[in-house]
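my_file04.cif follows; it contains mmCIF, C-alpha atoms (C1' of nucleotides).
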```
data_final
loop_
_atom_site.group_PDB
_atom_site.id
_atom_site.type_symbol
_atom_site.label_atom_id
_atom_site.label_comp_id
_atom_site.auth_asym_id
_atom_site.auth_seq_id
_atom_site.Cartn_x
_atom_site.Cartn_y
_atom_site.Cartn_z
ATOM 1 C CA MET L 1 -12.324 38.584 32.419
ATOM 2 C CA THR L 2 -11.085 42.102 32.783
ATOM 3 C CA ALA L 3 -7.426 42.833 33.382
ATOM 4 C CA ASP L 4 -8.531 44.426 36.652
ATOM 5 C CA PHE L 5 -10.025 41.177 37.852
ATOM 6 C CA GLU L 6 -6.886 39.201 37.095
ATOM 7 C CA LYS L 7 -4.653 41.822 38.640
ATOM 8 C CA LYS L 8 -6.615 41.954 41.887
ATOM 9 C CA VAL L 9 -6.934 38.212 42.255
ATOM 10 C CA ILE L 10 -3.188 37.854 41.753
ATOM 11 C CA VAL L 11 -2.458 40.554 44.314
ATOM 12 C CA VAL L 12 -4.549 38.703 46.890
ATOM 13 C CA LEU L 13 -3.026 35.359 45.970
ATOM 14 C CA LEU L 14 0.464 36.745 46.511
ATOM 15 C CA ARG L 15 -0.503 37.487 50.105
ATOM 16 C CA LEU L 16 -1.597 33.903 50.804
ATOM 17 C CA PRO L 17 0.975 32.685 53.368
ATOM 18 C CA PRO L 18 2.881 29.403 53.040
ATOM 19 C CA GLY L 19 1.309 26.643 55.067
ATOM 20 C CA ARG L 20 -2.132 28.197 54.712
ATOM 21 C CA VAL L 21 -4.880 27.714 52.123
ATOM 22 C CA SER L 22 -7.879 29.632 50.832
ATOM 23 C CA THR L 23 -10.809 29.025 48.513
ATOM 24 C CA TYR L 24 -11.892 30.257 45.094
ATOM 25 C CA GLY L 25 -14.905 31.975 46.581
ATOM 26 C CA VAL L 26 -13.005 33.775 49.333
ATOM 27 C CA LEU L 27 -10.311 34.906 46.906
ATOM 28 C CA ALA L 28 -12.944 36.293 44.573
ATOM 29 C CA GLN L 29 -14.530 38.138 47.468
ATOM 30 C CA LEU L 30 -11.204 39.538 48.692
ATOM 31 C CA ALA L 31 -10.424 40.685 45.158
ATOM 32 C CA GLY L 32 -13.647 42.659 45.144
ATOM 33 C CA TYR L 33 -15.544 40.319 42.825
ATOM 34 C CA PRO L 34 -18.024 38.344 44.929
ATOM 35 C CA ARG L 35 -19.860 35.479 43.196
ATOM 36 C CA HIS L 36 -16.929 35.027 40.809
ATOM 37 C CA ALA L 37 -15.450 31.884 42.320
ATOM 38 C CA ARG L 38 -15.620 30.068 38.986
ATOM 39 C CA HIS L 39 -13.650 32.828 37.328
ATOM 40 C CA VAL L 40 -10.869 32.585 39.876
ATOM 41 C CA GLY L 41 -10.701 28.923 38.989
ATOM 42 C CA ARG L 42 -10.527 29.648 35.291
ATOM 43 C CA LEU L 43 -7.808 32.230 35.861
ATOM 44 C CA LEU L 44 -5.644 29.797 37.813
ATOM 45 C CA GLY L 45 -6.202 27.235 35.105
ATOM 46 C CA GLN L 46 -4.875 29.629 32.475
ATOM 47 C CA LEU L 47 -1.728 30.519 34.387
ATOM 48 C CA PRO L 48 1.480 29.986 32.420
ATOM 49 C CA ALA L 49 3.478 26.940 33.525
ATOM 50 C CA GLY L 50 6.215 28.891 35.285
ATOM 51 C CA ALA L 51 3.957 31.366 37.088
ATOM 52 C CA GLN L 52 5.368 32.177 40.503
ATOM 53 C CA LEU L 53 2.032 32.071 42.278
ATOM 54 C CA PRO L 54 0.827 29.816 45.135
ATOM 55 C CA TRP L 55 -2.051 28.493 42.992
ATOM 56 C CA PHE L 56 -1.796 25.175 44.850
ATOM 57 C CA ARG L 57 -2.964 26.834 48.068
ATOM 58 C CA VAL L 58 -6.413 27.373 46.575
ATOM 59 C CA LEU L 59 -9.124 24.799 47.253
ATOM 60 C CA GLY L 60 -12.856 24.441 46.807
ATOM 61 C CA ALA L 61 -15.124 25.660 49.631
ATOM 62 C CA GLY L 62 -15.277 22.105 50.942
ATOM 63 C CA GLY L 63 -11.527 22.056 51.503
ATOM 64 C CA LYS L 64 -10.943 19.678 48.603
ATOM 65 C CA VAL L 65 -8.564 19.880 45.660
ATOM 66 C CA SER L 66 -10.382 20.554 42.405
ATOM 67 C CA ARG L 67 -10.299 18.438 39.263
ATOM 68 C CA PRO L 68 -9.699 15.136 41.092
ATOM 69 C CA GLY L 69 -8.005 12.461 39.064
ATOM 70 C CA THR L 70 -5.837 14.833 37.071
ATOM 71 C CA GLU L 71 -2.051 15.132 37.162
ATOM 72 C CA GLN L 72 -2.479 18.642 38.418
ATOM 73 C CA ALA L 73 -4.494 17.457 41.435
ATOM 74 C CA ASP L 74 -1.834 14.945 42.477
ATOM 75 C CA TRP L 75 0.864 17.566 42.055
ATOM 76 C CA GLN L 76 -1.158 20.009 44.132
ATOM 77 C CA ARG L 77 -1.442 17.537 47.006
ATOM 78 C CA VAL L 78 2.325 17.051 46.923
ATOM 79 C CA LEU L 79 2.974 20.784 47.038
ATOM 80 C CA LEU L 80 0.545 21.211 49.933
ATOM 81 C CA GLU L 81 2.165 18.436 51.949
ATOM 82 C CA GLU L 82 5.520 20.009 51.205
ATOM 83 C CA ASP L 83 4.007 23.215 52.524
ATOM 84 C CA GLY L 84 3.152 21.480 55.785
ATOM 85 C CA VAL L 85 -0.583 21.279 55.144
ATOM 86 C CA VAL L 86 -2.223 18.088 56.376
ATOM 87 C CA LEU L 87 -4.665 16.346 54.081
ATOM 88 C CA SER L 88 -7.121 13.770 55.419
ATOM 89 C CA SER L 89 -7.214 10.284 53.944
ATOM 90 C CA SER L 90 -10.027 11.461 51.695
ATOM 91 C CA GLY L 91 -7.844 14.334 50.513
ATOM 92 C CA ARG L 92 -9.598 17.087 52.423
ATOM 93 C CA VAL L 93 -7.976 20.000 54.251
ATOM 94 C CA ASP L 94 -9.349 21.331 57.553
ATOM 95 C CA LEU L 95 -10.115 24.936 56.645
ATOM 96 C CA ARG L 96 -10.782 25.878 60.255
ATOM 97 C CA ARG L 97 -7.134 25.159 60.856
ATOM 98 C CA TYR L 98 -5.390 26.153 57.624
ATOM 99 C CA GLY L 99 -7.891 28.564 56.096
ATOM 100 C CA TRP L 100 -6.749 32.091 55.248
ATOM 101 C CA PRO L 101 -7.740 34.721 56.145
ATOM 102 C CA GLU L 102 -8.687 33.180 59.483
ATOM 103 C CA GLU L 103 -11.799 35.278 59.937
ATOM 104 C CA TYR L 104 -13.320 33.754 56.834
ATOM 105 C CA PHE L 105 -12.998 30.266 58.257
ATOM 106 C CA ALA L 106 -13.657 30.794 61.946
ATOM 107 C CA LEU L 107 -16.262 28.579 63.538
ATOM 108 C CA GLY L 108 -19.689 30.103 64.286
ATOM 109 C "C1'" DC Y 1 -28.828 36.131 19.512
ATOM 110 C "C1'" DT Y 2 -29.351 31.529 22.279
ATOM 111 C "C1'" DA Y 3 -26.955 27.468 24.286
ATOM 112 C "C1'" DT Y 4 -23.346 25.329 26.593
ATOM 113 C "C1'" DT Y 5 -19.513 25.127 29.621
ATOM 114 C "C1'" DG Y 6 -16.732 25.376 33.690
ATOM 115 C "C1'" DA Y 7 -9.793 24.696 38.981
ATOM 116 C "C1'" DC Y 8 -17.375 27.119 42.081
ATOM 117 C "C1'" DG Y 9 -20.894 27.355 46.064
ATOM 118 C "C1'" DG Y 10 -24.751 26.153 48.906
ATOM 119 C "C1'" DG Y 11 -28.674 23.485 49.953
ATOM 120 C "C1'" DG Y 12 -31.224 19.248 49.923
ATOM 121 C "C1'" DT Y 13 -31.903 14.036 49.778
ATOM 122 C "C1'" DC Q 1 -19.803 9.666 51.804
ATOM 123 C "C1'" DA Q 2 -22.703 10.121 47.302
ATOM 124 C "C1'" DC Q 3 -25.550 12.362 44.228
ATOM 125 C "C1'" DC Q 4 -28.829 15.958 42.310
ATOM 126 C "C1'" DC Q 5 -30.411 20.678 41.574
ATOM 127 C "C1'" DC Q 6 -30.081 25.477 41.042
ATOM 128 C "C1'" DG Q 7 -27.691 29.973 41.091
ATOM 129 C "C1'" DC Q 8 -23.806 32.202 39.433
ATOM 130 C "C1'" DC Q 9 -21.324 34.852 35.240
ATOM 131 C "C1'" DA Q 10 -17.745 35.391 31.579
ATOM 132 C "C1'" DA Q 11 -15.976 32.764 27.766
ATOM 133 C "C1'" DT Q 12 -17.052 29.860 23.782
ATOM 134 C "C1'" DA Q 13 -19.696 27.592 20.478
#
```

Take the structure from the file and write it as structure tokens.
Amino acid sequence: MTADFEKKVIVVLLRLPPGRVSTYGVLAQLAGYPRHARHVGRLLGQLPAGAQLPWFRVLGAGGKVSRPGTEQADWQRVLLEEDGVVLSSSGRVDLRRYGWPEEYFALG
DNA sequence: CTATTGACGGGGT
DNA sequence: CACCCCGCCAATA
């Protein structure tokens, strides 16, 4: 992807508050690149190990952690819990409650 | 150049 | 909940 895409996605991600979560699709939209949800995912996957970004606060549109069964997914759940985010027994987050920005996850 | 591949999304069964 | 299908679009093969 273009450097512009990466830059804008990162800028948005840096605004994602602790204790809140967002989705690949919403991040892409906020960055000005609608329909690029998959690319946000690829970008986060390419992040260097020590990147100081709240990548763990990004979930799929269904409120679930991506790439289930991987080390990264387990680690992500730990970081979210540490963040105060509640995960259901099936590992899903209530986006109506923790979703950010709120207006993107409001009911109705 | 065509084909395949995703940290995705939405709709249907 | 589980699948399946199709649209999406840049990177890779």

Interface rows for chain L against chain Y: nearest pair, Å to one decimal, 12 Å, only C-alpha atoms (C1' of nucleotides), as JSON lines:
```
{"residue": "L:Thr23", "atom": "CA", "partner": "Y:DC8", "partner_atom": "C1'", "distance": 9.4}
{"residue": "L:Tyr24", "atom": "CA", "partner": "Y:DC8", "partner_atom": "C1'", "distance": 7.0}
{"residue": "L:Gly25", "atom": "CA", "partner": "Y:DC8", "partner_atom": "C1'", "distance": 7.1}
{"residue": "L:Val26", "atom": "CA", "partner": "Y:DG9", "partner_atom": "C1'", "distance": 10.7}
{"residue": "L:Leu27", "atom": "CA", "partner": "Y:DC8", "partner_atom": "C1'", "distance": 11.6}
{"residue": "L:Ala28", "atom": "CA", "partner": "Y:DC8", "partner_atom": "C1'", "distance": 10.5}
{"residue": "L:Pro34", "atom": "CA", "partner": "Y:DG9", "partner_atom": "C1'", "distance": 11.4}
{"residue": "L:Arg35", "atom": "CA", "partner": "Y:DG9", "partner_atom": "C1'", "distance": 8.7}
{"residue": "L:His36", "atom": "CA", "partner": "Y:DC8", "partner_atom": "C1'", "distance": 8.0}
{"residue": "L:Ala37", "atom": "CA", "partner": "Y:DC8", "partner_atom": "C1'", "distance": 5.1}
{"residue": "L:Arg38", "atom": "CA", "partner": "Y:DC8", "partner_atom": "C1'", "distance": 4.6}
{"residue": "L:His39", "atom": "CA", "partner": "Y:DC8", "partner_atom": "C1'", "distance": 8.3}
{"residue": "L:Val40", "atom": "CA", "partner": "Y:DA7", "partner_atom": "C1'", "distance": 8.0}
{"residue": "L:Gly41", "atom": "CA", "partner": "Y:DA7", "partner_atom": "C1'", "distance": 4.3}
{"residue": "L:Arg42", "atom": "CA", "partner": "Y:DA7", "partner_atom": "C1'", "distance": 6.2}
{"residue": "L:Leu43", "atom": "CA", "partner": "Y:DA7", "partner_atom": "C1'", "distance": 8.4}
{"residue": "L:Leu44", "atom": "CA", "partner": "Y:DA7", "partner_atom": "C1'", "distance": 6.7}
{"residue": "L:Gly45", "atom": "CA", "partner": "Y:DA7", "partner_atom": "C1'", "distance": 5.9}
{"residue": "L:Gln46", "atom": "CA", "partner": "Y:DA7", "partner_atom": "C1'", "distance": 9.5}
{"residue": "L:Leu47", "atom": "CA", "partner": "Y:DA7", "partner_atom": "C1'", "distance": 11.0}
{"residue": "L:Trp55", "atom": "CA", "partner": "Y:DA7", "partner_atom": "C1'", "distance": 9.5}
{"residue": "L:Phe56", "atom": "CA", "partner": "Y:DA7", "partner_atom": "C1'", "distance": 9.9}
{"residue": "L:Arg57", "atom": "CA", "partner": "Y:DA7", "partner_atom": "C1'", "distance": 11.6}
{"residue": "L:Val58", "atom": "CA", "partner": "Y:DA7", "partner_atom": "C1'", "distance": 8.7}
{"residue": "L:Leu59", "atom": "CA", "partner": "Y:DA7", "partner_atom": "C1'", "distance": 8.3}
{"residue": "L:Gly60", "atom": "CA", "partner": "Y:DC8", "partner_atom": "C1'", "distance": 7.1}
{"residue": "L:Ala61", "atom": "CA", "partner": "Y:DG9", "partner_atom": "C1'", "distance": 7.0}
{"residue": "L:Gly62", "atom": "CA", "partner": "Y:DG9", "partner_atom": "C1'", "distance": 9.1}
{"residue": "L:Lys64", "atom": "CA", "partner": "Y:DA7", "partner_atom": "C1'", "distance": 10.9}
{"residue": "L:Val65", "atom": "CA", "partner": "Y:DA7", "partner_atom": "C1'", "distance": 8.3}
{"residue": "L:Ser66", "atom": "CA", "partner": "Y:DA7", "partner_atom": "C1'", "distance": 5.4}
{"residue": "L:Arg67", "atom": "CA", "partner": "Y:DA7", "partner_atom": "C1'", "distance": 6.3}
{"residue": "L:Pro68", "atom": "CA", "partner": "Y:DA7", "partner_atom": "C1'", "distance": 9.8}
{"residue": "L:Thr70", "atom": "CA", "partner": "Y:DA7", "partner_atom": "C1'", "distance": 10.8}
{"residue": "L:Gln72", "atom": "CA", "partner": "Y:DA7", "partner_atom": "C1'", "distance": 9.5}
{"residue": "L:Ala73", "atom": "CA", "partner": "Y:DA7", "partner_atom": "C1'", "distance": 9.3}
{"residue": "L:Gln76", "atom": "CA", "partner": "Y:DA7", "partner_atom": "C1'", "distance": 11.1}
```

inquiry  = I'd like to see the residues matched by the PyMOL selection byres ((chain Q) within 12 of (chain L)) on this file, and ideally I'd get them as a PyMOL selection string.
reply    = chain Q and resi 1+7-11

Output C-alpha atoms (C1' of nucleotides) of each residue in that selection to a file, as an mmCIF file, in the frame of the given file.
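File written: part_10.cif
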```
data_model
loop_
_atom_site.group_PDB
_atom_site.id
_atom_site.type_symbol
_atom_site.label_atom_id
_atom_site.label_comp_id
_atom_site.auth_asym_id
_atom_site.auth_seq_id
_atom_site.Cartn_x
_atom_site.Cartn_y
_atom_site.Cartn_z
ATOM 1 C "C1'" DC Q 1 -19.803 9.666 51.804
ATOM 2 C "C1'" DG Q 7 -27.691 29.973 41.091
ATOM 3 C "C1'" DC Q 8 -23.806 32.202 39.433
ATOM 4 C "C1'" DC Q 9 -21.324 34.852 35.240
ATOM 5 C "C1'" DA Q 10 -17.745 35.391 31.579
ATOM 6 C "C1'" DA Q 11 -15.976 32.764 27.766
#
```

remark   = From CA of Ala3 in chain L to CA of Gly63 in chain L the spacing works out at 27.9 Å

Between CA of Ala51 in chain L and CA of Trp100 in chain L - distance in Å to one decimal =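 Answer for the CA of Trp100 in chain L to CA of Ala51 in chain L separation: 21.1 Å.
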
key: Point-to-point distance from CA of Gly99 in chain L to C1' of DC3 in chain Q, Å rounded to tenths   = 26.7 Å
